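Visitor: Next up, my_file.cif (mmCIF, C-alpha atoms).
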```cif
data_model
loop_
_atom_site.label_atom_id
_atom_site.label_comp_id
_atom_site.auth_asym_id
_atom_site.auth_seq_id
_atom_site.Cartn_x
_atom_site.Cartn_y
_atom_site.Cartn_z
CA MET A 18 106.90 138.24 56.03
CA THR A 19 104.78 135.76 54.11
CA VAL A 20 106.23 132.55 52.70
CA LEU A 21 103.84 130.84 50.31
CA SER A 22 103.99 128.32 47.53
CA LYS A 23 102.48 129.05 44.11
CA PRO A 24 102.94 128.05 40.46
CA LEU A 25 105.08 130.28 38.30
CA ASP A 26 103.68 132.19 35.33
CA ARG A 27 105.60 133.01 32.17
CA ARG A 28 106.54 136.48 33.34
CA ASP A 29 108.59 134.78 36.06
CA ALA A 30 110.81 133.48 33.25
CA PHE A 31 112.55 136.86 33.25
CA ARG A 32 113.65 136.03 36.79
CA ILE A 33 114.38 132.35 36.29
CA LEU A 34 115.98 132.28 32.84
CA GLY A 35 116.47 135.88 31.79
CA ALA A 36 119.26 138.17 32.94
CA ALA A 37 121.06 141.30 31.82
CA ALA A 38 124.51 141.41 30.33
CA LEU A 39 127.37 141.52 32.81
CA VAL A 40 128.69 144.89 33.92
CA ALA A 41 132.47 144.85 34.38
CA ALA A 42 135.69 146.17 32.91
CA ALA A 43 138.10 143.67 31.40
CA GLY A 44 140.89 143.08 28.94
CA CYS A 45 143.65 140.52 28.49
CA SER A 46 145.61 138.78 31.21
CA ASP A 47 149.35 138.31 31.42
CA ARG A 48 149.31 134.56 31.97
CA GLY A 49 153.07 134.42 32.32
CA SER A 50 153.07 136.28 35.66
CA PRO A 51 151.50 135.20 38.97
CA ALA A 52 148.47 137.27 39.92
CA PRO A 53 149.13 139.87 42.64
CA ALA A 54 147.47 139.29 46.00
CA LEU A 55 143.98 140.62 46.54
CA ALA A 56 143.86 143.79 48.64
CA GLU A 57 142.47 143.52 52.16
CA ARG A 58 140.35 146.66 51.69
CA GLY A 59 138.32 145.03 48.94
CA LEU A 60 138.16 141.70 50.74
CA ARG A 61 136.78 143.41 53.85
CA GLU A 62 134.09 145.07 51.73
CA PHE A 63 133.34 141.72 50.08
CA ARG A 64 132.69 140.19 53.50
CA ASP A 65 130.63 143.20 54.56
CA VAL A 66 128.43 142.88 51.44
CA ALA A 67 127.74 139.27 52.40
CA ALA A 68 126.85 140.16 55.98
CA ARG A 69 124.47 142.99 55.10
CA GLY A 70 123.00 141.24 52.05
CA VAL A 71 121.06 138.55 53.90
CA GLY A 72 117.74 138.74 55.69
CA PRO A 73 114.50 136.76 56.01
CA THR A 74 112.63 139.07 53.62
CA THR A 75 115.47 139.69 51.14
CA VAL A 76 118.06 136.93 50.63
CA PRO A 77 117.83 134.16 53.24
CA GLY A 78 121.35 132.90 52.54
CA LEU A 79 124.30 133.17 50.18
CA VAL A 80 127.81 132.00 49.39
CA ALA A 81 130.14 134.31 47.42
CA LEU A 82 133.67 133.86 46.15
CA VAL A 83 136.33 136.23 44.86
CA ALA A 84 139.50 134.74 43.44
CA ARG A 85 142.61 135.94 41.67
CA GLY A 86 144.73 133.16 40.30
CA ASP A 87 144.82 130.45 42.97
CA GLU A 88 144.00 132.85 45.81
CA ALA A 89 140.34 132.43 46.70
CA HIS A 90 138.24 134.01 49.45
CA VAL A 91 134.74 132.79 50.31
CA ALA A 92 132.06 134.56 52.33
CA SER A 93 128.93 132.74 53.48
CA ALA A 94 126.01 134.24 55.36
CA GLY A 95 122.43 133.49 56.29
CA THR A 96 120.51 130.23 56.15
CA LEU A 97 119.55 127.55 53.65
CA ALA A 98 115.90 128.52 54.15
CA VAL A 99 114.03 131.05 56.25
CA GLU A 100 114.68 130.15 59.91
CA CYS A 101 116.70 127.09 58.96
CA ARG A 102 120.27 125.73 59.07
CA PRO A 103 123.17 128.09 58.29
CA VAL A 104 124.64 128.27 54.80
CA HIS A 105 128.15 126.85 54.47
CA ARG A 106 130.83 126.93 51.81
CA ASP A 107 129.72 123.51 50.50
CA SER A 108 126.01 124.37 50.34
CA VAL A 109 124.32 123.41 47.08
CA PHE A 110 122.41 125.86 44.84
CA ARG A 111 120.32 125.55 41.69
CA ILE A 112 122.48 127.41 39.18
CA ALA A 113 119.79 127.53 36.45
CA SER A 114 121.18 129.34 33.39
CA MET A 115 124.76 129.08 34.61
CA THR A 116 124.32 125.56 33.20
CA LYS A 117 124.64 127.05 29.71
CA PRO A 118 128.40 127.74 29.80
CA ILE A 119 129.01 124.19 31.02
CA THR A 120 126.99 122.79 28.12
CA ALA A 121 128.94 125.00 25.73
CA VAL A 122 132.27 123.69 27.05
CA ALA A 123 131.08 120.08 26.64
CA THR A 124 130.05 120.86 23.05
CA LEU A 125 133.39 122.42 22.15
CA ALA A 126 135.24 119.50 23.76
CA ALA A 127 133.22 117.04 21.67
CA ALA A 128 133.97 119.01 18.52
CA GLU A 129 137.68 118.93 19.36
CA ALA A 130 137.39 115.16 19.77
CA GLY A 131 136.04 114.92 16.22
CA LEU A 132 132.49 113.83 17.09
CA PHE A 133 131.06 116.57 14.87
CA ARG A 134 131.92 119.85 13.19
CA LEU A 135 130.48 123.08 14.56
CA ASP A 136 129.31 124.19 11.12
CA GLU A 137 127.57 120.95 10.20
CA PRO A 138 123.75 120.90 10.18
CA VAL A 139 122.18 119.40 13.26
CA ASP A 140 120.06 116.85 11.40
CA ARG A 141 122.73 114.11 11.21
CA LEU A 142 122.49 113.64 14.96
CA LEU A 143 119.01 115.15 15.34
CA PRO A 144 116.95 114.01 12.33
CA GLU A 145 113.85 115.25 14.16
CA LEU A 146 115.03 118.80 13.32
CA ALA A 147 115.47 118.25 9.57
CA ASP A 148 113.45 120.19 6.98
CA ARG A 149 112.53 123.07 9.27
CA ARG A 150 109.70 125.45 8.59
CA VAL A 151 109.57 128.97 10.03
CA LEU A 152 106.62 130.98 11.32
CA ARG A 153 105.81 134.02 9.19
CA ARG A 154 105.21 135.81 12.47
CA PRO A 155 106.52 134.40 15.75
CA ASP A 156 103.13 135.05 17.37
CA GLY A 157 101.19 133.65 14.43
CA PRO A 158 99.31 130.36 13.90
CA LEU A 159 101.36 127.18 13.71
CA ASP A 160 100.37 126.44 10.12
CA ASP A 161 101.35 129.86 8.74
CA THR A 162 104.95 129.04 7.84
CA VAL A 163 107.60 129.28 5.15
CA PRO A 164 110.52 126.91 4.48
CA ALA A 165 113.74 127.55 6.39
CA ASP A 166 116.45 129.20 4.29
CA ARG A 167 118.92 126.63 5.60
CA GLN A 168 119.28 124.01 8.32
CA PRO A 169 120.40 125.12 11.78
CA THR A 170 124.01 124.21 12.57
CA ILE A 171 125.64 123.17 15.82
CA ARG A 172 127.29 126.60 15.90
CA ASP A 173 123.80 128.12 15.72
CA LEU A 174 122.83 126.14 18.82
CA LEU A 175 125.91 127.45 20.67
CA ALA A 176 125.35 131.07 19.65
CA PHE A 177 121.55 130.96 20.16
CA THR A 178 120.86 131.73 16.50
CA CYS A 179 119.17 128.42 15.65
CA GLY A 180 115.66 129.89 15.33
CA TYR A 181 114.26 128.49 18.58
CA GLY A 182 114.23 130.39 21.86
CA MET A 183 112.93 133.29 23.91
CA SER A 184 112.84 137.01 23.22
CA ALA A 185 111.62 140.03 25.16
CA GLU A 186 108.39 140.20 23.16
CA LEU A 187 107.66 136.52 23.84
CA LEU A 188 108.16 136.86 27.59
CA THR A 189 106.05 140.01 27.89
CA ALA A 190 103.17 138.90 25.64
CA THR A 191 99.80 139.24 27.38
CA THR A 192 98.67 135.86 26.03
CA PRO A 193 100.89 132.90 25.06
CA TRP A 194 101.77 132.67 21.40
CA PRO A 195 100.45 129.51 19.65
CA VAL A 196 103.96 128.03 19.39
CA ILE A 197 104.49 128.60 23.11
CA ALA A 198 101.13 127.06 24.02
CA ALA A 199 102.09 124.00 21.94
CA ALA A 200 105.48 123.76 23.66
CA ASP A 201 103.82 124.01 27.05
CA ALA A 202 101.33 121.29 26.14
CA ALA A 203 104.28 119.03 25.24
CA ARG A 204 105.95 119.86 28.60
CA LEU A 205 109.14 120.99 26.89
CA GLY A 206 110.05 123.49 29.61
CA THR A 207 112.13 125.52 27.17
CA PHE A 208 110.15 128.75 26.86
CA GLY A 209 109.83 129.36 30.60
CA PRO A 210 111.24 128.46 34.01
CA PRO A 211 113.09 125.15 34.48
CA ALA A 212 110.81 122.13 34.93
CA PRO A 213 113.07 119.13 35.61
CA GLN A 214 110.34 116.77 36.81
CA GLU A 215 107.93 117.65 33.98
CA GLN A 216 110.06 117.32 30.85
CA PRO A 217 109.88 114.00 28.97
CA ASP A 218 112.88 111.84 28.13
CA PRO A 219 115.35 113.24 25.55
CA ASP A 220 113.99 111.33 22.54
CA ALA A 221 110.41 112.35 23.29
CA TRP A 222 111.53 115.91 24.01
CA ILE A 223 113.39 116.41 20.73
CA ALA A 224 110.57 114.71 18.76
CA ALA A 225 108.04 117.13 20.25
CA LEU A 226 110.28 120.12 19.56
CA GLY A 227 110.73 118.92 15.99
CA ARG A 228 106.99 119.13 15.42
CA LEU A 229 107.09 122.87 16.14
CA PRO A 230 108.07 125.48 13.56
CA LEU A 231 111.02 127.81 14.15
CA LEU A 232 110.31 131.29 15.45
CA ALA A 233 112.97 132.84 13.18
CA GLN A 234 115.14 131.87 10.23
CA PRO A 235 118.36 130.14 11.29
CA GLY A 236 121.06 132.77 11.73
CA ALA A 237 118.64 135.70 11.62
CA ARG A 238 118.56 136.64 15.30
CA TRP A 239 119.54 135.69 18.84
CA LEU A 240 116.86 133.79 20.78
CA TYR A 241 117.56 132.74 24.35
CA ASN A 242 117.79 129.35 26.00
CA THR A 243 116.55 126.58 23.70
CA GLY A 244 119.84 126.07 21.86
CA SER A 245 121.45 124.81 25.08
CA SER A 246 118.60 122.37 25.74
CA ILE A 247 118.97 120.95 22.23
CA LEU A 248 122.73 120.61 22.70
CA GLY A 249 122.17 118.27 25.62
CA VAL A 250 120.29 115.84 23.36
CA LEU A 251 122.84 116.21 20.58
CA LEU A 252 125.77 115.53 22.92
CA SER A 253 124.06 112.45 24.34
CA ARG A 254 123.64 110.99 20.88
CA ALA A 255 127.17 111.92 19.79
CA HIS A 256 128.64 110.15 22.84
CA HIS A 257 126.10 107.28 22.98
CA GLU A 258 125.45 107.90 26.66
CA PRO A 259 123.13 110.07 28.80
CA PHE A 260 123.93 113.77 28.86
CA ALA A 261 124.56 113.62 32.62
CA ASP A 262 127.32 111.08 31.98
CA VAL A 263 128.77 113.22 29.17
CA LEU A 264 129.16 116.13 31.58
CA ARG A 265 130.56 113.89 34.30
CA HIS A 266 133.18 112.33 32.04
CA ARG A 267 134.06 115.42 30.01
CA ILE A 268 134.04 118.11 32.71
CA PHE A 269 133.07 117.24 36.27
CA GLU A 270 135.49 114.41 36.99
CA PRO A 271 138.54 116.04 35.34
CA LEU A 272 137.90 119.27 37.28
CA GLY A 273 136.90 117.65 40.57
CA MET A 274 133.36 119.13 40.42
CA ARG A 275 131.93 116.52 42.79
CA ASP A 276 128.70 118.32 43.67
CA THR A 277 127.58 119.47 40.22
CA ALA A 278 124.77 117.38 38.73
CA PHE A 279 121.16 117.45 37.55
CA TRP A 280 119.96 116.65 41.05
CA ALA A 281 121.16 117.05 44.62
CA SER A 282 122.29 113.73 46.06
CA ASP A 283 122.51 115.32 49.53
CA THR A 284 119.35 117.40 49.89
CA SER A 285 120.36 118.49 53.41
CA ARG A 286 122.85 120.87 51.71
CA LEU A 287 120.41 122.19 49.08
CA ALA A 288 119.01 125.69 49.70
CA THR A 289 115.30 126.44 49.36
CA ALA A 290 114.49 128.59 46.31
CA TYR A 291 112.35 131.71 46.69
CA LEU A 292 110.57 134.18 44.44
CA PRO A 293 110.25 137.78 45.70
CA THR A 294 106.70 139.14 45.65
CA PRO A 295 105.04 142.29 47.05
CA ASN A 296 103.83 140.14 49.95
CA GLY A 297 107.16 138.57 50.81
CA LEU A 298 109.14 135.57 49.66
CA THR A 299 107.25 132.81 47.90
CA VAL A 300 108.70 129.30 47.98
CA MET A 301 109.50 128.05 44.47
CA ASP A 302 111.25 124.79 45.31
CA THR A 303 112.19 122.98 48.50
CA PRO A 304 115.12 120.59 49.05
CA ASP A 305 112.79 117.59 48.61
CA GLY A 306 111.26 119.11 45.47
CA ALA A 307 112.12 119.16 41.77
CA TRP A 308 115.90 118.78 42.20
CA SER A 309 115.78 115.95 44.76
CA LYS A 310 115.89 113.07 42.24
CA PRO A 311 117.30 112.44 38.76
CA PRO A 312 115.19 113.99 35.98
CA ALA A 313 114.17 112.17 32.80
CA PHE A 314 115.62 115.05 30.80
CA GLY A 315 118.97 116.60 31.75
CA ASP A 316 118.38 120.16 30.60
CA GLY A 317 121.56 121.74 29.19
CA ALA A 318 120.01 125.19 29.52
CA ALA A 319 119.09 125.36 33.19
CA GLY A 320 119.15 122.00 34.96
CA LEU A 321 122.25 121.82 37.16
CA VAL A 322 122.94 122.30 40.85
CA SER A 323 126.43 123.18 42.04
CA THR A 324 128.62 124.71 44.75
CA VAL A 325 130.89 127.73 44.83
CA ASP A 326 134.07 125.64 44.74
CA ASP A 327 132.87 123.55 41.80
CA MET A 328 132.05 126.67 39.81
CA PHE A 329 135.41 128.19 40.75
CA ALA A 330 137.13 125.13 39.30
CA PHE A 331 135.16 125.63 36.08
CA SER A 332 135.98 129.34 35.90
CA ARG A 333 139.66 128.78 36.64
CA MET A 334 139.87 126.19 33.84
CA LEU A 335 138.70 128.79 31.32
CA LEU A 336 140.91 131.57 32.70
CA ARG A 337 143.93 129.25 32.46
CA GLY A 338 143.30 128.57 28.77
CA GLY A 339 141.07 125.51 28.93
CA ALA A 340 143.36 122.70 30.09
CA PRO A 341 142.57 119.87 30.65
CA ILE A 342 139.18 120.23 28.96
CA LEU A 343 139.58 122.58 25.98
CA SER A 344 142.20 124.09 23.73
CA ALA A 345 143.01 127.78 24.12
CA ALA A 346 141.49 128.37 20.67
CA SER A 347 138.13 126.98 21.80
CA VAL A 348 138.21 129.10 24.96
CA ARG A 349 138.88 132.20 22.85
CA ALA A 350 135.96 131.38 20.55
CA MET A 351 133.61 130.68 23.46
CA THR A 352 134.47 133.94 25.24
CA THR A 353 134.44 136.17 22.13
CA GLY A 354 131.27 137.83 20.88
CA GLN A 355 129.86 135.71 18.05
CA LEU A 356 126.94 137.88 16.94
CA THR A 357 126.86 140.11 13.88
CA PRO A 358 125.66 143.72 14.19
CA GLU A 359 122.42 142.65 12.50
CA GLN A 360 121.84 139.86 15.01
CA ARG A 361 122.49 142.16 17.94
CA ALA A 362 120.17 144.80 16.46
CA ALA A 363 117.36 142.24 16.28
CA GLY A 364 117.21 142.30 20.08
CA GLY A 365 117.71 140.28 23.22
CA LEU A 366 115.80 140.01 26.47
CA ASP A 367 115.28 143.76 26.80
CA PRO A 368 115.81 146.82 24.52
CA ASP A 369 119.34 147.51 25.83
CA PHE A 370 120.45 143.89 26.04
CA PHE A 371 123.23 144.16 23.45
CA THR A 372 124.20 147.83 23.93
CA GLU A 373 127.45 147.00 25.72
CA ASN A 374 127.65 143.25 25.26
CA SER A 375 127.58 140.42 22.78
CA TRP A 376 127.04 136.69 23.15
CA GLY A 377 129.72 134.04 22.79
CA TYR A 378 128.99 130.36 23.30
CA GLY A 379 126.86 130.05 26.43
CA VAL A 380 128.18 133.30 27.91
CA SER A 381 127.59 137.02 27.78
CA VAL A 382 130.74 138.83 26.64
CA ASN A 383 131.55 142.39 27.65
CA ARG A 384 133.11 144.42 24.86
CA ASP A 385 136.25 144.81 27.03
CA GLY A 386 136.66 141.07 27.57
CA ALA A 387 134.89 140.03 30.78
CA TYR A 388 132.45 137.17 30.40
CA GLY A 389 130.05 135.04 32.41
CA TRP A 390 126.35 134.66 33.07
CA PHE A 391 123.54 134.61 35.60
CA GLY A 392 121.17 131.95 36.88
CA GLY A 393 117.60 133.09 37.36
CA PHE A 394 117.32 131.49 40.80
CA GLY A 395 119.76 134.16 42.02
CA THR A 396 123.29 133.17 41.02
CA SER A 397 125.98 134.94 39.00
CA TRP A 398 129.44 134.23 37.62
CA LEU A 399 131.92 136.73 36.24
CA ALA A 400 135.39 135.97 34.86
CA ASP A 401 137.78 138.79 33.94
CA PRO A 402 140.90 137.64 32.09
CA ARG A 403 142.73 140.96 32.55
CA HIS A 404 142.85 140.47 36.31
CA ASP A 405 142.66 136.64 36.33
CA LEU A 406 139.55 137.33 38.42
CA THR A 407 136.55 135.17 39.28
CA VAL A 408 133.49 136.47 41.13
CA LEU A 409 130.74 134.02 42.07
CA VAL A 410 127.55 134.81 43.96
CA LEU A 411 125.16 131.98 44.85
CA THR A 412 121.75 132.74 46.37
CA GLN A 413 118.31 131.20 45.88
CA ARG A 414 116.32 134.42 45.67
CA ALA A 415 115.09 134.64 42.10
CA LEU A 416 116.17 137.62 40.04
CA ASP A 417 113.67 140.46 39.92
CA GLY A 418 114.02 140.94 36.17
CA PRO A 419 116.54 141.98 33.52
CA GLY A 420 119.41 143.96 34.97
CA THR A 421 122.23 143.13 37.34
CA PRO A 422 120.77 142.84 40.88
CA GLN A 423 122.25 145.37 43.30
CA LEU A 424 123.61 142.67 45.60
CA HIS A 425 125.58 141.14 42.72
CA LYS A 426 126.81 144.58 41.65
CA ASP A 427 128.01 145.20 45.19
CA PHE A 428 129.97 141.94 45.26
CA GLN A 429 131.54 142.69 41.88
CA ALA A 430 132.47 146.22 42.95
CA ALA A 431 134.14 144.88 46.09
CA ALA A 432 136.01 142.30 44.02
CA TYR A 433 137.37 144.99 41.71
CA ALA A 434 138.37 147.07 44.71
CA ALA A 435 140.43 144.08 45.83
CA VAL A 436 142.45 144.02 42.60
CA GLN A 437 143.32 147.72 42.48
#
```
Please re-express this file's structure in structure tokens.

Guide:
Amino acid sequence: MTVLSKPLDRRDAFRILGAAALVAAAGCSDRGSPAPALAERGLREFRDVAARGVGPTTVPGLVALVARGDEAHVASAGTLAVECRPVHRDSVFRIASMTKPITAVATLAAAEAGLFRLDEPVDRLLPELADRRVLRRPDGPLDDTVPADRQPTIRDLLAFTCGYGMSAELLTATTPWPVIAAADAARLGTFGPPAPQEQPDPDAWIAALGRLPLLAQPGARWLYNTGSSILGVLLSRAHHEPFADVLRHRIFEPLGMRDTAFWASDTSRLATAYLPTPNGLTVMDTPDGAWSKPPAFGDGAAGLVSTVDDMFAFSRMLLRGGAPILSAASVRAMTTGQLTPEQRAAGGLDPDFFTENSWGYGVSVNRDGAYGWFGGFGTSWLADPRHDLTVLVLTQRALDGPGTPQLHKDFQAAAYAAVQ
């Protein structure tokens, strides 16, 4: 096995930020009845998946959780890095795009508190994004634009229909589009892998984004990622405090999520992140790397680290109807597909992205009711209201590309076997 360190190219964004829609059956839960106990047969398979899933050339270490109601079972296996300390239940992982649902919850909570309306244009709080212009072609020159039909709204940011973001054609382009080259030059870190120690402070970040044209008309199509990054700036301004403090006050402290933040305060518990290559695992980030100190920009799209118990607390809050963070109505809106048939037809991160799924607010929504999302560093979260079921898998082996990784499928299958 070879373990090297190298810079990431844009195609790695499929692994770091992109992911396929969740594959699971779901429906509606009977919240008035306690959830039946999980079956030992499925739990045994869940533990077996963990044991056989780790290895120095595959997944160095993992923590996985299956829970029904308050009954939770955790399996940990492997090491924090190749030939390193063992993984434990409280090990810390970069959750990348699993940050997006947390940002969505904070946005809905702020709307419930009356700080803004979801259908109001973003320019009251983000004047840098007023008077948008739109590229005639997303891969065209920056000065070949038309006026926006309307201003993006906060709901557009939540649903990823604001006109900024990533698509399959952007990620697979042989050369960077002009708008992407400009974003890279400004160190925005929004059209590629997370870059917490490169992004400028929030005011500089939003000013630089505001100088770029939109890639699509607001409301025309789904474009991945950037809406959540913008929401972090908007929430900071609405609350008059840093976005990290907004999340801490709104979500983390009420739910007891002590280890979820934009940096790891205890790097001895942070796993090393790896990228799979034909020659072995390549080191992407070490515990003393990009997540070892507070960033200038708290990225609402992909910036957080967390633990399996913290994410279980978050999932359980949603499955129980949102208390004490959200109303049940906001949870229903967040976990219901928000895209029109035309928006889904315009495409996602691969040709089949919206065949079985839609997008809510920060989450992929299965047509039968399950919801959740992936993190490109190798994490996944699934919540199924019909079974009051949570499945969490935390690794730091980057996803190979669009599609549910087999290891995550195996954990989900074992979890469903435990509820039969």

Visitor: Determine the residue set returned by the PyMOL selection byres ((chain A and resi 150) around 12) for the present structure, and present it as a ChimeraX atom specification.

Guide: /A:146-149,151-155,159-169,180-181,227-235

Visitor: Would you mind listing what lies within 12 Å of Gly306 (chain A) as a list in words, with all atoms listed in the file counted and same-chain residues fewer than 4 positions away left out?

Guide: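 Non-adjacent residues within range: Ser22, Arg111, Ala212, Pro213, Gln214, Trp280, Ala281, Thr284, Leu287, Ala288, Thr289, Ala290, Val300, Met301, Asp302, Lys310, Pro311 and Pro312 of chain A.
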
Visitor: Counting only C-alpha atoms, which residue out of A:Ala190, A:Leu248, A:Val66, A:Leu125 sits closest to Leu143 (chain A)?

Guide: A:Leu248

Visitor: Between A:Arg69, A:Val348, A:Gly395, A:Arg403, which one has atoms that come closest to His425 (chain A), using all atoms listed in the file?

Guide: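 So, comparing all the options, the nearest one is A:Gly395.
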
Visitor: For a test of reading the model, state the distance in Å between CA of Pro77 (chain A) and CA of Gly95 (chain A), rounded to one decimal.

Guide: 5.6 Å
